[in-house]
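J.: One structure is given below, represented as C-alpha cells, and several questions about it will come after.
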Amino acid sequence: MADSLTITDNRTGKQYEIPIEYGTYPKRSAFVRAFDLRQIKVADDDFGLLSYDPSFMNTASCRSAVTFIEGDEGTLRYRGYAIEELAHKSSFLEVAYLILHGELPTPAQLEEWRWQITHHTILHENIKTFMEGFRYDAHPMGILVGTVAALSTFYPDAKNITDVRSRSIQIHRLVAKMPTIAAFAYRHSIGMPYAYPDNDLSYTGNFLNMMYKMTELKYQPDPVLEHVLDVLFILHADHEQNCSANAMRSVASSHSDPFVAVAAATAALSGPLHGGANERVLRMLQEIGHKDQVADYVKQAKSGEYRLMGFGHRVYKNYDPRARILKELAQQVFEVTGKNPLLDIALELERIALEDDYFVERKLYPNVDFYSGIIYQAMGFPTDMFPVLFALPRTVGWLAQWQEMLKDPEQKIARPRQVYTGESERSLVPLEVRG
Ligand code: ACO
C-alpha cells in the first residue's frame, strides 16, 4: 500500500498499517500520527505503544503555516517570503502584519495597523508604580516577564479568547506595549525618569525615543540606527516551534489569557540556551579579550569545558541566514557608531571554528545571536537589554502561534505522556517504625 507504514510487532507477530500524511510543502514533511501507535498492544488491556521523544527531537506538535525553516540549507521564510527579501524590502510593522494575518498588507491596511499599534503604546500609570517595586538593579528581562504578566490584571477582557475582536485588541496592546515596558525597565535600572511614547515616530524610532530621550523637546532617532533596528526586529519576529513559541502554545492551550502566556514565553526566551544567548555571546567575547586568545578558547570549548555561545542550532545545520544578514548590517551600524572592537574577536572566532573538524562534523555554525549582540552594544544598548530586544519582535510570532493554535480544531490542552520509571505500588510504613 502506498503512503503508509507497515509495522510488525515482533512480540506478537501482528502487522499494522499506519497512514503517512504530508504537510503542504512538497512531500518533505511526511509524518505518521503518534496516536496510531496506540493500537499496537500485546494484550487487550495493554495501554498501547507510546512514542518517546524527550525535547521533541523528532515530533511535530502542530501544523503551522507561519514560518518555514529548512535547516540543512539555511532557509527561513515567513508566510512563504524569504527572510532576505523581507529584510531588504519591507518594514517590521509590515512583516508583523504578514505574520499575524497571513498576507502582506495593502497600503490602507498598513496605515490602519500602524495607527492601532501607535495608539496602544501607553501604559496605565499604575504600571509605573508596579515597576517601582523592582530593585534598582533588577534584570530587565525579569521586569518584562513580571510586568507583562501584570498587564493581564489591567485587561480582564483578554480572558475572552474565543472572541475574534477581543483577540485582535489584545494583539494590538501587546505588540504596542512591549517596547514601552522594555524601555521603562531600562530607565528604571539607570534611575532615569520614564520617557513617554511619541506618536510621530516609527515603531523602532519611538522605542529609541523611550530608551534614550534626555531633556530635548523632541527626540530624533538616527535614521540608520532606526532602520537597522527595524531589520533586526524583522529577523527576530518568528522562528516556528522553538522553546518560547512552544511555551506560548503550551501555556495558552489551557485557555489562559495572552498576557500571561506571553510572560511565560518571555521567561522561556530568557534562558542562555535560547534568547539569553546574545547576552552570553557578548560576555564571552569580552572574556576572550583579544583575537590572539581565540584559538585557546576554541580548544577549551572542544574539550567540553563550555560551549561557544552563538554557535549551533537545533534546526540549522548550516549558516543561520539571519546571522548572514546581521554580519552585513554590522558594517552599516559601525559607519555611524564607530567599529565595535569585539568584532575582530568575533570574526576570528568564526574563522577558526568554521575550519575546525569539531565544529564542521557537528555542523555548528554561527546563529542569529552571534552578531546581534555586537550590533546592539555599538548602538548603546546595555548587555542585559539584549534578550529584551529579542522578546519585543518575537511577541508578534508568539501571538501568531497563539491564534493559529486557537483556530486549530486538532489542538487541545498540551499534555505530554511520560514513561514512568519510579517504584511500583508499595505500602506506607508508619513514621515511628521507619528508619
Ligand atoms: N559549542 C560547542 N559545542 C557545541 C555547541 C556549542 N555552541 N553546541 C552544540 N555543541 C556540541 C554538543 O556538545 C554536542 O556534542 P557531542 O555530540 O559530542 O555531545 C553536539 O554539538 C550537539 O549538541 P546538542 O546540545 O545535542 O544540540 P542541540 O540541538 O540540543 O542544541 C543549542 C542546540 C542549544 C542551540 C546548542 O547548539 C547550544 O547550546 N548553543 C549555544 C547557545 C546558543 O547560541 N543558543 C542560541 C540558539 S539560537 C536562538 O535561540 C535564537
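In the C-alpha cells, each chain is lettered A, B, ... as it comes, each chain's residues begin at 1, and ligands are numbered from 1 in order of appearance.
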Ligand 1: which residues are within 7 Å, counting only C-alpha atoms and all ligand atoms? Reply as number ranges by chain.
T.: A: 272-275, 277, 301-302, 304, 306-315, 362, 364, 367-369
J.: So that I can check the surroundings of Thr8 of chain A, please list as a PyMOL selection string every protein, DNA and RNA residue that reaches within 12 Å of it, counting only C-alpha atoms and ignoring chain neighbours fewer than 3 positions away.
T.: chain A and resi 5+11-18+37+40-41
J.: Since we have the selection now, will you write its residues out, keeping N, CA, C and O atoms, as a PDB file, in the first residue's frame?
T.:
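And here is the file that came out, result.pdb:
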ATOM      1  N   LEU A   5       2.833   2.974   6.365  1.00  0.00           N
ATOM      2  CA  LEU A   5       3.945   2.289   7.028  1.00  0.00           C
ATOM      3  C   LEU A   5       3.417   0.960   7.508  1.00  0.00           C
ATOM      4  O   LEU A   5       2.356   0.911   8.136  1.00  0.00           O
ATOM      5  N   ARG A  11       6.734  -8.919  19.094  1.00  0.00           N
ATOM      6  CA  ARG A  11       6.282  -9.561  20.338  1.00  0.00           C
ATOM      7  C   ARG A  11       5.090 -10.464  20.040  1.00  0.00           C
ATOM      8  O   ARG A  11       4.888 -11.478  20.680  1.00  0.00           O
ATOM      9  N   THR A  12       4.284 -10.037  19.074  1.00  0.00           N
ATOM     10  CA  THR A  12       3.043 -10.783  18.804  1.00  0.00           C
ATOM     11  C   THR A  12       2.978 -11.318  17.380  1.00  0.00           C
ATOM     12  O   THR A  12       2.111 -12.132  17.062  1.00  0.00           O
ATOM     13  N   GLY A  13       3.848 -10.799  16.519  1.00  0.00           N
ATOM     14  CA  GLY A  13       3.804 -11.184  15.102  1.00  0.00           C
ATOM     15  C   GLY A  13       2.726 -10.436  14.320  1.00  0.00           C
ATOM     16  O   GLY A  13       2.574 -10.633  13.121  1.00  0.00           O
ATOM     17  N   LYS A  14       1.986  -9.570  14.988  1.00  0.00           N
ATOM     18  CA  LYS A  14       0.900  -8.846  14.305  1.00  0.00           C
ATOM     19  C   LYS A  14       1.452  -7.712  13.446  1.00  0.00           C
ATOM     20  O   LYS A  14       2.470  -7.102  13.799  1.00  0.00           O
ATOM     21  N   GLN A  15       0.737  -7.442  12.340  1.00  0.00           N
ATOM     22  CA  GLN A  15       1.137  -6.335  11.458  1.00  0.00           C
ATOM     23  C   GLN A  15       0.123  -5.198  11.529  1.00  0.00           C
ATOM     24  O   GLN A  15      -1.077  -5.453  11.674  1.00  0.00           O
ATOM     25  N   TYR A  16       0.625  -3.977  11.409  1.00  0.00           N
ATOM     26  CA  TYR A  16      -0.248  -2.796  11.454  1.00  0.00           C
ATOM     27  C   TYR A  16       0.073  -1.908  10.250  1.00  0.00           C
ATOM     28  O   TYR A  16       1.250  -1.782   9.873  1.00  0.00           O
ATOM     29  N   GLU A  17      -0.949  -1.322   9.702  1.00  0.00           N
ATOM     30  CA  GLU A  17      -0.788  -0.420   8.568  1.00  0.00           C
ATOM     31  C   GLU A  17      -1.037   0.998   9.091  1.00  0.00           C
ATOM     32  O   GLU A  17      -2.139   1.291   9.571  1.00  0.00           O
ATOM     33  N   ILE A  18      -0.026   1.839   9.042  1.00  0.00           N
ATOM     34  CA  ILE A  18      -0.169   3.202   9.583  1.00  0.00           C
ATOM     35  C   ILE A  18      -0.079   4.199   8.426  1.00  0.00           C
ATOM     36  O   ILE A  18       0.916   4.189   7.684  1.00  0.00           O
ATOM     37  N   LEU A  37       0.011   4.602  16.978  1.00  0.00           N
ATOM     38  CA  LEU A  37       0.809   3.540  17.613  1.00  0.00           C
ATOM     39  C   LEU A  37       0.060   2.884  18.773  1.00  0.00           C
ATOM     40  O   LEU A  37       0.388   1.778  19.187  1.00  0.00           O
ATOM     41  N   ILE A  40      -1.138  -0.691  18.881  1.00  0.00           N
ATOM     42  CA  ILE A  40      -0.161  -1.786  18.963  1.00  0.00           C
ATOM     43  C   ILE A  40      -0.070  -2.261  20.419  1.00  0.00           C
ATOM     44  O   ILE A  40       0.462  -1.567  21.282  1.00  0.00           O
ATOM     45  N   LYS A  41      -0.620  -3.431  20.663  1.00  0.00           N
ATOM     46  CA  LYS A  41      -0.735  -3.934  22.040  1.00  0.00           C
ATOM     47  C   LYS A  41      -0.339  -5.410  22.092  1.00  0.00           C
ATOM     48  O   LYS A  41      -0.487  -6.105  21.090  1.00  0.00           O
TER      49      LYS A  41
END
J.: Of the residues A:Ala252, A:Cys62, A:Ala391, A:Leu76, which is the one nearest to Asn318 of chain A, using only C-alpha atoms?
T.: A:Leu76
J.: Go ahead and compute the interatomic distance for atom CA of Pro140 of chain A and atom CA of Ala185 of chain A, in Å to one decimal.
T.: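 So the answer is 5.4 Å.
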J.: Identify, on the basis of only C-alpha atoms, every residue whose closest approach to segment 196-210 of chain A does not exceed 8 Å; exclude the query and any residue fewer than 2 positions from it along the same chain; express the result as a list in words.
T.: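 Residues near the query, excluding close chain neighbours: Leu93, Thr118, His119, Thr121, Ile122, Pro179, Thr180, Ala183, Phe184, Tyr194, Tyr212, Lys213, Tyr219, Gln220, Pro221, Glu226, His227, Leu229 and Asp230 of chain A.
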J.: Those same residues - C-alpha atoms - I'd like them written as a short mmCIF file (atom, residue, chain, number, x, y, z; two decimals), in the first residue's frame.
T.:
data_model
loop_
_atom_site.label_atom_id
_atom_site.label_comp_id
_atom_site.auth_asym_id
_atom_site.auth_seq_id
_atom_site.Cartn_x
_atom_site.Cartn_y
_atom_site.Cartn_z
CA LEU A 93 5.26 46.54 11.01
CA THR A 118 0.86 53.60 17.62
CA HIS A 119 -2.27 54.34 19.67
CA THR A 121 1.67 52.20 23.34
CA ILE A 122 0.78 53.99 26.58
CA PRO A 179 8.52 48.28 23.76
CA THR A 180 7.14 50.70 26.37
CA ALA A 183 12.18 50.99 27.73
CA PHE A 184 10.69 51.71 31.16
CA TYR A 194 10.44 57.39 32.03
CA TYR A 212 17.37 57.46 25.09
CA LYS A 213 15.40 60.75 25.21
CA TYR A 219 13.90 63.08 20.13
CA GLN A 220 15.26 62.50 16.61
CA PRO A 221 16.41 58.92 16.08
CA GLU A 226 16.36 53.22 13.34
CA HIS A 227 16.47 51.24 10.08
CA LEU A 229 16.83 48.07 14.48
CA ASP A 230 13.81 47.63 12.22
#
J.: Write down as a count of residues only the residues belonging to segment 126-245 of chain A that are assigned helix (DSSP H, G or I) by DSSP computed on the backbone.
T.: 78
J.: Go through segment 8-185 of chain A and collect every residue that DSSP, computed from the backbone, puts in strand (DSSP E or B); the answer should be as a PyMOL selection string.
T.: chain A and resi 8-9+14-19+21-22+30-31+67-70+75-78+81-82
J.: Can you work out which one of A:Ile161, A:Ile69, A:His172, A:Ala60 has the shortest atom-to-atom distance to His120 of chain A, counting only C-alpha atoms?
T.: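 Using only C-alpha atoms, His120 of chain A sits closest to A:His172.
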J.: Which residues are near segment 410-420 of chain A? Cut-off 9 Å, only C-alpha atoms, ignore same chain within fewer than 5 positions. Put them as an mmCIF file with N, CA, C and O atoms, in the first residue's frame.
T.:
data_model
loop_
_atom_site.group_PDB
_atom_site.id
_atom_site.type_symbol
_atom_site.label_atom_id
_atom_site.label_comp_id
_atom_site.auth_asym_id
_atom_site.auth_seq_id
_atom_site.Cartn_x
_atom_site.Cartn_y
_atom_site.Cartn_z
ATOM 1 N N LEU A 50 3.632 3.772 23.147
ATOM 2 C CA LEU A 50 3.850 5.225 23.158
ATOM 3 C C LEU A 50 5.054 5.549 22.282
ATOM 4 O O LEU A 50 5.937 4.710 22.109
ATOM 5 N N TYR A 52 8.407 7.848 22.369
ATOM 6 C CA TYR A 52 9.197 8.530 23.402
ATOM 7 C C TYR A 52 10.133 9.502 22.705
ATOM 8 O O TYR A 52 10.944 9.079 21.876
ATOM 9 N N CYS A 62 2.313 20.437 16.117
ATOM 10 C CA CYS A 62 1.199 21.165 15.491
ATOM 11 C C CYS A 62 1.428 21.229 13.992
ATOM 12 O O CYS A 62 2.511 20.934 13.501
ATOM 13 N N ARG A 249 2.395 28.318 23.237
ATOM 14 C CA ARG A 249 1.300 27.418 22.855
ATOM 15 C C ARG A 249 0.880 26.548 24.040
ATOM 16 O O ARG A 249 -0.311 26.333 24.263
ATOM 17 N N SER A 250 1.874 26.045 24.762
ATOM 18 C CA SER A 250 1.560 25.124 25.851
ATOM 19 C C SER A 250 0.758 25.831 26.951
ATOM 20 O O SER A 250 -0.277 25.344 27.406
ATOM 21 N N VAL A 251 1.228 27.019 27.358
ATOM 22 C CA VAL A 251 0.539 27.755 28.430
ATOM 23 C C VAL A 251 -0.847 28.186 27.952
ATOM 24 O O VAL A 251 -1.852 28.018 28.651
ATOM 25 N N ALA A 252 -0.933 28.731 26.734
ATOM 26 C CA ALA A 252 -2.221 29.231 26.244
ATOM 27 C C ALA A 252 -3.178 28.094 25.886
ATOM 28 O O ALA A 252 -4.372 28.334 25.717
ATOM 29 N N SER A 253 -2.659 26.872 25.794
ATOM 30 C CA SER A 253 -3.554 25.753 25.456
ATOM 31 C C SER A 253 -4.531 25.472 26.595
ATOM 32 O O SER A 253 -5.545 24.811 26.411
ATOM 33 N N SER A 254 -4.241 25.984 27.803
ATOM 34 C CA SER A 254 -5.193 25.831 28.911
ATOM 35 C C SER A 254 -6.216 26.967 28.884
ATOM 36 O O SER A 254 -7.001 27.116 29.812
ATOM 37 N N HIS A 255 -6.161 27.788 27.822
ATOM 38 C CA HIS A 255 -7.041 28.940 27.618
ATOM 39 C C HIS A 255 -6.777 30.080 28.594
ATOM 40 O O HIS A 255 -7.669 30.853 28.925
ATOM 41 N N MET A 405 -3.030 28.273 17.031
ATOM 42 C CA MET A 405 -3.390 27.161 17.916
ATOM 43 C C MET A 405 -4.875 27.202 18.273
ATOM 44 O O MET A 405 -5.563 26.173 18.244
#
J.: What's around segment 29-32 of chain A at 7 Å? Count only C-alpha atoms, leave out sequence neighbours fewer than 5 positions away in its own chain, and write the answer as a list in words.
T.: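 Counting only C-alpha atoms, the residues come to Pro19, Ile20, Glu21, Tyr22 and Gly23 of chain A.
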J.: Keeping only C-alpha atoms, take the residues you just selected and write them out as an mmCIF file, in the first residue's frame.
T.:
data_model
loop_
_atom_site.group_PDB
_atom_site.id
_atom_site.type_symbol
_atom_site.label_atom_id
_atom_site.label_comp_id
_atom_site.auth_asym_id
_atom_site.auth_seq_id
_atom_site.Cartn_x
_atom_site.Cartn_y
_atom_site.Cartn_z
ATOM 1 C CA PRO A 19 -1.031 6.016 7.119
ATOM 2 C CA ILE A 20 1.638 8.538 6.161
ATOM 3 C CA GLU A 21 0.379 12.143 5.862
ATOM 4 C CA TYR A 22 2.040 15.250 4.484
ATOM 5 C CA GLY A 23 2.391 18.943 5.121
#
J.: Choose the residue, out of A:Thr147, A:Asn160, A:Ser64, A:Thr215, that has the smallest atom-to-atom separation from Ala182 of chain A; count only C-alpha atoms.
T.: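 Closest to Ala182 of chain A, using only C-alpha atoms: A:Thr147.
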J.: Might you pull out every residue within 12 Å of Ser166 of chain A, with only C-alpha atoms counted and same-chain residues fewer than 6 positions away left off, and present them as a list in words?
T.: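 Skipping anything fewer than 6 positions along the chain leaves Tyr155, Pro156, Asp157, Ala158, Lys159, Asn160, His172, Arg173, Asp257, Pro258 and Gln403 of chain A.
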J.: Looking at A:Phe56, A:Tyr78, A:Phe154, A:Phe68, which one is nearest to Leu100 of chain A, with distances taken over only C-alpha atoms?
T.: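 Closest to Leu100 of chain A, using only C-alpha atoms: A:Tyr78.
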J.: So, counting only C-alpha atoms, which residue among A:Ala353, A:Val228, A:Ala237, A:Met385 is closest to Met211 of chain A?
T.: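 Among A:Ala353, A:Val228, A:Ala237, A:Met385, it is A:Met385 that comes nearest to Met211 of chain A.
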J.: Which one is closest to Leu347 of chain A: A:Leu151, A:Leu232, A:Ala330, A:Ala108? Count only C-alpha atoms.
T.: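 So, comparing all the options, the nearest one is A:Ala330.
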J.: Near Val145 of chain A, within 10 Å and counting only C-alpha atoms, which residues show up once chain neighbours fewer than 2 positions away are dropped, as a ChimeraX atom specification?
T.: /A:140-143,147-150,181-182,259-260,262-268,270,388,391
J.: I need the residues from that last selection saved to file as a short mmCIF file (atom, residue, chain, number, x, y, z; two decimals), in the first residue's frame (with all heavy atoms), if you can.
T.:
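As written to disk, out13.cif reads:
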data_model
loop_
_atom_site.label_atom_id
_atom_site.label_comp_id
_atom_site.auth_asym_id
_atom_site.auth_seq_id
_atom_site.Cartn_x
_atom_site.Cartn_y
_atom_site.Cartn_z
N PRO A 140 16.34 43.53 33.33
CA PRO A 140 15.16 43.99 32.60
C PRO A 140 14.29 42.86 32.05
O PRO A 140 13.09 43.04 31.84
CB PRO A 140 15.73 44.86 31.47
CG PRO A 140 17.18 44.59 31.43
CD PRO A 140 17.59 44.08 32.76
N MET A 141 14.90 41.69 31.82
CA MET A 141 14.08 40.57 31.32
C MET A 141 13.12 40.11 32.42
O MET A 141 11.98 39.75 32.16
CB MET A 141 15.02 39.44 30.89
CG MET A 141 14.46 38.45 29.92
SD MET A 141 13.96 39.16 28.34
CE MET A 141 13.65 37.65 27.43
N GLY A 142 13.59 40.12 33.67
CA GLY A 142 12.72 39.76 34.79
C GLY A 142 11.60 40.79 34.94
O GLY A 142 10.44 40.44 35.20
N ILE A 143 11.95 42.06 34.75
CA ILE A 143 10.93 43.12 34.84
C ILE A 143 9.90 42.93 33.73
O ILE A 143 8.69 43.04 33.94
CB ILE A 143 11.57 44.53 34.73
CG1 ILE A 143 12.58 44.73 35.88
CG2 ILE A 143 10.50 45.61 34.74
CD1 ILE A 143 13.22 46.12 35.91
N THR A 147 6.04 42.31 34.43
CA THR A 147 5.13 43.41 34.08
C THR A 147 4.12 42.99 33.02
O THR A 147 2.95 43.36 33.10
CB THR A 147 5.93 44.65 33.63
OG1 THR A 147 6.94 44.90 34.59
CG2 THR A 147 5.04 45.86 33.50
N VAL A 148 4.57 42.21 32.05
CA VAL A 148 3.60 41.81 31.02
C VAL A 148 2.56 40.86 31.63
O VAL A 148 1.36 40.91 31.29
CB VAL A 148 4.29 41.23 29.76
CG1 VAL A 148 4.85 39.86 29.96
CG2 VAL A 148 3.32 41.19 28.59
N ALA A 149 2.98 40.05 32.60
CA ALA A 149 2.00 39.20 33.30
C ALA A 149 1.02 40.08 34.08
O ALA A 149 -0.19 39.83 34.08
CB ALA A 149 2.72 38.23 34.24
N ALA A 150 1.54 41.14 34.70
CA ALA A 150 0.68 42.03 35.49
C ALA A 150 -0.36 42.73 34.60
O ALA A 150 -1.46 43.05 35.06
CB ALA A 150 1.53 43.08 36.22
N ILE A 181 7.16 48.85 27.96
CA ILE A 181 7.61 48.18 29.20
C ILE A 181 9.13 48.03 29.17
O ILE A 181 9.83 48.27 30.16
CB ILE A 181 6.97 46.78 29.36
CG1 ILE A 181 5.44 46.86 29.33
CG2 ILE A 181 7.44 46.11 30.64
CD1 ILE A 181 4.77 45.49 29.32
N ALA A 182 9.65 47.59 28.00
CA ALA A 182 11.09 47.34 27.89
C ALA A 182 11.88 48.62 28.16
O ALA A 182 12.86 48.61 28.92
CB ALA A 182 11.40 46.81 26.49
N PHE A 259 -1.70 37.69 27.87
CA PHE A 259 -0.68 38.43 28.61
C PHE A 259 0.17 37.47 29.46
O PHE A 259 1.39 37.54 29.44
CB PHE A 259 -1.32 39.51 29.50
CG PHE A 259 -1.93 40.62 28.69
CD1 PHE A 259 -3.28 40.60 28.36
CD2 PHE A 259 -1.16 41.66 28.21
CE1 PHE A 259 -3.85 41.60 27.59
CE2 PHE A 259 -1.71 42.67 27.44
CZ PHE A 259 -3.06 42.64 27.12
N VAL A 260 -0.51 36.56 30.18
CA VAL A 260 0.28 35.63 30.99
C VAL A 260 1.01 34.63 30.10
O VAL A 260 2.12 34.18 30.42
CB VAL A 260 -0.58 34.90 32.06
CG1 VAL A 260 -1.01 35.86 33.15
CG2 VAL A 260 -1.77 34.19 31.46
N VAL A 262 2.24 35.30 27.09
CA VAL A 262 3.43 35.99 26.58
C VAL A 262 4.48 36.10 27.69
O VAL A 262 5.69 35.99 27.44
CB VAL A 262 3.07 37.38 25.99
CG1 VAL A 262 4.32 38.25 25.79
CG2 VAL A 262 2.36 37.21 24.65
N ALA A 263 4.04 36.27 28.94
CA ALA A 263 5.00 36.30 30.06
C ALA A 263 5.75 34.97 30.13
O ALA A 263 6.98 34.94 30.31
CB ALA A 263 4.27 36.58 31.37
N ALA A 264 5.02 33.86 29.95
CA ALA A 264 5.66 32.54 30.01
C ALA A 264 6.63 32.36 28.85
O ALA A 264 7.74 31.83 29.02
CB ALA A 264 4.58 31.45 29.96
N ALA A 265 6.22 32.83 27.67
CA ALA A 265 7.10 32.71 26.50
C ALA A 265 8.36 33.55 26.71
O ALA A 265 9.47 33.14 26.38
CB ALA A 265 6.36 33.16 25.24
N THR A 266 8.19 34.74 27.30
CA THR A 266 9.34 35.62 27.57
C THR A 266 10.28 34.94 28.57
O THR A 266 11.51 35.00 28.43
CB THR A 266 8.87 36.99 28.12
OG1 THR A 266 7.84 37.50 27.27
CG2 THR A 266 10.00 37.98 28.20
N ALA A 267 9.69 34.27 29.56
CA ALA A 267 10.51 33.55 30.55
C ALA A 267 11.32 32.46 29.85
O ALA A 267 12.52 32.27 30.12
CB ALA A 267 9.61 32.96 31.63
N ALA A 268 10.68 31.75 28.92
CA ALA A 268 11.39 30.69 28.19
C ALA A 268 12.52 31.29 27.36
O ALA A 268 13.61 30.73 27.26
CB ALA A 268 10.42 29.93 27.28
N SER A 270 14.27 33.81 28.06
CA SER A 270 15.35 34.43 28.86
C SER A 270 16.55 33.51 29.08
O SER A 270 17.63 33.98 29.43
CB SER A 270 14.78 34.88 30.21
OG SER A 270 14.48 33.75 31.00
N VAL A 388 15.87 41.27 25.95
CA VAL A 388 14.63 42.07 25.88
C VAL A 388 14.40 42.50 24.43
O VAL A 388 13.27 42.46 23.92
CB VAL A 388 14.74 43.30 26.81
CG1 VAL A 388 13.57 44.24 26.61
CG2 VAL A 388 14.85 42.86 28.26
N ALA A 391 12.82 39.76 22.68
CA ALA A 391 11.41 39.49 23.07
C ALA A 391 10.43 40.43 22.36
O ALA A 391 9.31 40.02 22.05
CB ALA A 391 11.26 39.61 24.59
#
